[in-house]
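Scroll down for the structure; my scribbles are underneath it.
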Amino acid sequence: MAKRKRRNIGALIAVKNHWIQKYLPFTLGSLSLVWQALFFYVPLLCVIVLSFTGDTPYAAFQGFFSAVYVRIIVRSLGMAFLTASMCLMIGYPFAYFLVFHTHRLRNLLLFLVMLPFWTNFLLHICAWFFVLDRQGLLSYLLQKLGILSGPLMILNTYWAIIIMMVYFYLPFMILPLYTALDRFDQRLLEASLDLGATWWQTVTRVLLPLTMPGIRVGFLLVCIPAFGEFAIPEFMGGDRTMFVGSVIKHLILGAESEVAGSAFTLISSLVLVIVIGMLYLIIGRLVPSRYEKE
Amino acid sequence: MRSSWISRLPSFLLVVFTYLFLYVPLFVLVVFSFNKDPFPAPWSSFTLDWYRELWVSTELWDAFKTSCIIALSATFLSVLMGVMLVFFLMKSVRVQRILGIFYANLVVPEVVLAVGLLSMFSFLHVELGMRTLIIAHTVLGLGYVIPVVYQKYMTIDPHLIDVSMDLGATLGQTFMRIVMPLLRPALYAAGLLVFIISFDDFILSYFCAGSSAQTLSMYIYSMLRIGISPVVNALSTLLLIISSICVMLFCYYNVRSKLL
């Protein structure tokens, strides 16, 4: 009797083990998927659904088709693309130099690029106050050198916002470019030049197409957060010029009108997605990318 | 040799200027944390008063503690979930097809996610506070952890796992003895990244914190709104030191994860 019972338990354990083996990985693994769905995709759906819950389904959107809001969205887009392009123009030669012209110091230099990216960005804003203020470092230097006669009045202008944005987002551009260039075989440049291509042809037909994935990632990583930025314009622009981020912040947290806020969020993100999509189509046409697949 | 040096000069200058651009503001910030008079005044004399003031500010330490708790929990949760997903990957490789859903975390602007989370929490009448912040930051962390862990897992030779299973190890044993040691450096690197991102995060905290919890970023934000105080400089000097330690650790683990 006892023996039989033991065998039963053994069988039971075996069955249980089988079940554990079969379903435990699934249950454990799907936890992250569930989390992602619950706290990422459901909130995004919330934004969409909430936008249509005004008095009439489209009531929330009607207020935003005015010149003021169109100008705000265009301004934010312009700022985001300007920031990304300037980061690319500084970051590409920079990453190129880092990958191909430094040897022993490379890790240290890369570390120095990453360090600002790992510190609180509000501190960078604070730091730039010290440089750009009327009595700040830059003003002082320019006056000492005799370039400016009066104090430098750059704070609270677009210039200050752009400088701050480029400063803050530069590492986001450099790191993907660095990865892309690190994988790039430098001998291809020599081969291209040896085979009679001009310097310009080598850059546009060999270097750029092969590092395109890095450029694309960097551009996205800069453009998207820059589009929704509200702290930098607030501090550097003196809260006078409105951007998409500041409008969302005012609507959601200030005026307590969540419906209008989510409607504006929806509209502006749609605009961003459409513009970036179109840009990628155009760039895809301009730069031959057939090498990428190999 | 000389001509190549001259041709490199413009790019060399660009690199030097970029580093100046990146570091001069931080340098000024650190220098002024030791200045006796608050900012608009020029340099007068050396003092540590601002650090002393920083040390006794209770509000600051509360904010620091809150930030630490949130960042640690978010790191723990997202890394744990990342690891468990690998467990799942060992069993069925089909799951990798749906891993694309995690890449959206990096593509959707943070403001949009913040608005969505806020509206969801208020719809469900969830009280805003530390819990909601941990949830939000964990989502942010998953977007970094899962791609890193997945890519690392894909570099592991699948034969190792097959061999271990064939020789009679259970799934759990294989995981603990074979997969985990190979994965560990990548996990440390990803964990550090999530920690610092959560610690420095401002937008999600600003939207999802409500009035009960104040993170360090929000504390700095409210201080900056009042005006620049040298206490902020002292705080940033300390944070810079913490960050550099974190980046050094990250680089170390990243290098190890590539070597192994």
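Quick note on naming: the chains in the structure tokens go A, B, ... in the order shown, residues restart at 1 in each chain, and ligands are numbered from 1 in order of appearance.
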* **Test item, helix (DSSP H, G or I) assignment across range 9-249 of chain B, answer as a VMD selection string** => chain B and resid 9 to 32 49 to 56 58 to 91 93 to 102 104 to 107 110 to 123 130 to 155 158 to 166 171 to 200 203 to 208 216 to 226 230 to 249
Can you check which parts of chain A lie within 8 Å of chain B? Per residue, the shortest pair of atoms and distance in Å to one decimal, counting only C-alpha atoms, sorted by chain and number, as a Markdown table.
| residue | atom | partner | partner_atom | distance |
| --- | --- | --- | --- | --- |
| A:Gln21 | CA | B:Leu171 | CA | 7.4 |
| A:Pro25 | CA | B:Phe88 | CA | 4.6 |
| A:Phe26 | CA | B:Phe88 | CA | 5.6 |
| A:Leu28 | CA | B:Met84 | CA | 5.6 |
| A:Gly29 | CA | B:Leu85 | CA | 4.0 |
| A:Ser30 | CA | B:Leu85 | CA | 6.9 |
| A:Leu31 | CA | B:Met81 | CA | 6.7 |
| A:Ser32 | CA | B:Met81 | CA | 5.3 |
| A:Trp35 | CA | B:Val139 | CA | 7.5 |
| A:Gln36 | CA | B:Val139 | CA | 6.5 |
| A:Phe39 | CA | B:Val139 | CA | 6.8 |
| A:Phe40 | CA | B:Val139 | CA | 6.8 |
| A:Val42 | CA | B:Met120 | CA | 7.9 |
| A:Pro43 | CA | B:Gly116 | CA | 4.2 |
| A:Leu44 | CA | B:Gly116 | CA | 5.3 |
| A:Leu45 | CA | B:Gly116 | CA | 7.6 |
| A:Cys46 | CA | B:Gly116 | CA | 5.8 |
| A:Val47 | CA | B:Gly116 | CA | 5.2 |
| A:Ile90 | CA | B:Leu14 | CA | 7.8 |
| A:Pro93 | CA | B:Ser11 | CA | 6.6 |
| A:Phe94 | CA | B:Val15 | CA | 5.7 |
| A:Phe97 | CA | B:Ser11 | CA | 6.7 |
| A:Phe111 | CA | B:Val247 | CA | 7.2 |
| A:Val113 | CA | B:Tyr19 | CA | 8.0 |
| A:Met114 | CA | B:Val247 | CA | 7.4 |
| A:Leu115 | CA | B:Ser244 | CA | 6.2 |
| A:Pro116 | CA | B:Leu22 | CA | 7.5 |
| A:Trp118 | CA | B:Ser243 | CA | 6.1 |
| A:Thr119 | CA | B:Ser243 | CA | 5.9 |
| A:Asn120 | CA | B:Asp200 | CA | 4.8 |
| A:Phe121 | CA | B:Asp200 | CA | 7.3 |
| A:Leu122 | CA | B:Tyr221 | CA | 6.8 |
| A:Leu123 | CA | B:Ser236 | CA | 6.2 |
| A:His124 | CA | B:Leu26 | CA | 7.2 |
| A:Cys126 | CA | B:Leu224 | CA | 7.3 |
| A:Ala127 | CA | B:Pro25 | CA | 5.1 |
| A:Trp128 | CA | B:Pro25 | CA | 5.8 |
| A:Phe130 | CA | B:Val28 | CA | 7.0 |
| A:Val131 | CA | B:Pro25 | CA | 6.3 |
| A:Gln135 | CA | B:Pro40 | CA | 6.3 |
| A:Gly136 | CA | B:Pro40 | CA | 7.6 |
| A:Tyr167 | CA | B:Leu22 | CA | 6.7 |
| A:Leu220 | CA | B:Val107 | CA | 7.4 |
| A:Leu221 | CA | B:Val107 | CA | 7.6 |
| A:Ile224 | CA | B:Pro109 | CA | 5.7 |
| A:Pro225 | CA | B:Pro109 | CA | 5.5 |
| A:Phe227 | CA | B:Pro109 | CA | 8.0 |
| A:Gly228 | CA | B:Val111 | CA | 6.1 |
| A:Gly245 | CA | B:Val111 | CA | 7.2 |
| A:Ile252 | CA | B:Val115 | CA | 7.6 |
| A:Leu253 | CA | B:Phe207 | CA | 7.6 |
| A:Glu258 | CA | B:Ser119 | CA | 7.2 |
| A:Ser262 | CA | B:Val115 | CA | 6.9 |
| A:Thr265 | CA | B:Val112 | CA | 6.4 |
| A:Ser269 | CA | B:Val112 | CA | 7.8 |
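Nearest-residue note for Ser257 in chain B: choosing from B:Gly168, B:Leu204, B:Thr174, B:Gln151, the minimum distance belongs to B:Gln151, counting only C-alpha atoms.
For the atom pair formed by CA of Leu54 in chain B and CA of Ala234 in chain B, the distance is 7.2 Å, given to one decimal.
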* Just how far from CA of Ile162 in chain A is CA of Leu142 in chain A, in Å to one decimal? -> 19.6 Å
* Structure fact -> Using only C-alpha atoms, the shortest atom-to-atom distance to Leu155 in chain A among A:Glu234, A:Pro176, A:Leu105, A:Met86 belongs to A:Glu234
* Asked: Which polymer residues have any atom within 9 Å of an atom of Lys36 in chain B, counting only C-alpha atoms, with same-chain residues fewer than 5 positions away left out, as a ChimeraX atom specification?
  -> /B:43-50,230
Saved selection, atoms kept: N, CA and C atoms, as a tab-separated table (two decimals), in the first residue's frame:
chain	number	residue	atom	x	y	z
B	43	TRP	N	34.66	85.58	-8.94
B	43	TRP	CA	35.36	84.74	-7.97
B	43	TRP	C	35.90	85.58	-6.82
B	44	SER	N	35.58	85.22	-5.57
B	44	SER	CA	36.16	85.97	-4.45
B	44	SER	C	37.11	85.11	-3.63
B	45	SER	N	36.58	84.11	-2.93
B	45	SER	CA	37.51	83.28	-2.17
B	45	SER	C	36.95	81.87	-2.03
B	46	PHE	N	37.83	80.97	-1.67
B	46	PHE	CA	37.49	79.56	-1.59
B	46	PHE	C	36.68	79.27	-0.32
B	47	THR	N	35.63	78.46	-0.46
B	47	THR	CA	34.85	78.09	0.71
B	47	THR	C	34.19	76.72	0.49
B	48	LEU	N	33.87	76.06	1.59
B	48	LEU	CA	33.13	74.81	1.49
B	48	LEU	C	31.74	74.96	2.10
B	49	ASP	N	31.34	76.23	2.32
B	49	ASP	CA	30.06	76.50	2.98
B	49	ASP	C	28.89	75.86	2.26
B	50	TRP	N	28.93	75.90	0.93
B	50	TRP	CA	27.79	75.41	0.16
B	50	TRP	C	27.64	73.92	0.33
B	230	PRO	N	24.36	78.54	-5.21
B	230	PRO	CA	25.59	77.74	-5.25
B	230	PRO	C	25.40	76.34	-4.68
* To do: Find the distance between CA of Thr179 in chain A and CA of Val217 in chain A and write it in Å to one decimal.
  => 10.6 Å
* Can you tell me, as an MDAnalysis selection string, what residues are no more than 9 Å from Thr83 in chain A when counting only C-alpha atoms, ignoring any on the same chain fewer than 4 positions away? -> chainID A and resid 78:79 87:88 162:163 165:166 169:170 222:223 226
Restricting it to C-alpha atoms, dump the selection as a PDB file, in the first residue's frame.
ATOM      1  CA  GLY A  78      12.193  73.031 -36.983  1.00  0.00           C
ATOM      2  CA  MET A  79      14.020  73.076 -33.673  1.00  0.00           C
ATOM      3  CA  CYS A  87      24.574  67.335 -33.975  1.00  0.00           C
ATOM      4  CA  LEU A  88      25.186  65.306 -37.117  1.00  0.00           C
ATOM      5  CA  ILE A 162      19.744  75.805 -29.791  1.00  0.00           C
ATOM      6  CA  ILE A 163      23.124  75.819 -28.043  1.00  0.00           C
ATOM      7  CA  MET A 165      19.823  71.458 -27.261  1.00  0.00           C
ATOM      8  CA  VAL A 166      22.924  70.683 -29.339  1.00  0.00           C
ATOM      9  CA  TYR A 169      21.794  65.798 -27.517  1.00  0.00           C
ATOM     10  CA  LEU A 170      25.308  65.573 -28.997  1.00  0.00           C
ATOM     11  CA  VAL A 222      17.978  63.250 -31.216  1.00  0.00           C
ATOM     12  CA  CYS A 223      14.871  64.307 -33.122  1.00  0.00           C
ATOM     13  CA  ALA A 226      14.058  67.156 -28.896  1.00  0.00           C
TER      14      ALA A 226
END
Might you pull out every residue within 8 Å of Phe219 in chain A, with only C-alpha atoms counted and same-chain residues fewer than 5 positions away left off, and present them as a compact mmCIF listing (two decimals) with C-alpha atoms, in the first residue's frame?
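Dumped everything to selection.txt:
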# COMPACT_ATOMS: atom_id res chain seq x y z
CA ALA A 84 19.66 66.88 -35.13
CA SER A 85 21.40 68.32 -38.21
CA LEU A 88 25.19 65.31 -37.12
CA MET A 173 24.26 61.34 -31.95
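For Leu188 in chain A, the list of residues within 12 Å, based on only C-alpha atoms and with local chain neighbours fewer than 5 positions off taken out, reads A:Arg183, A:Leu193, A:Asp194, A:Leu195, A:Ala197, A:Thr202, A:Val203, A:Arg205, A:Val206, A:Leu207, A:Leu210.
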* To do: May I ask which of the residues A:Ile232, A:Leu132, A:Ile267, A:Leu177 is the closest one to Val99 in chain A, counting only C-alpha atoms?
  => A:Leu177
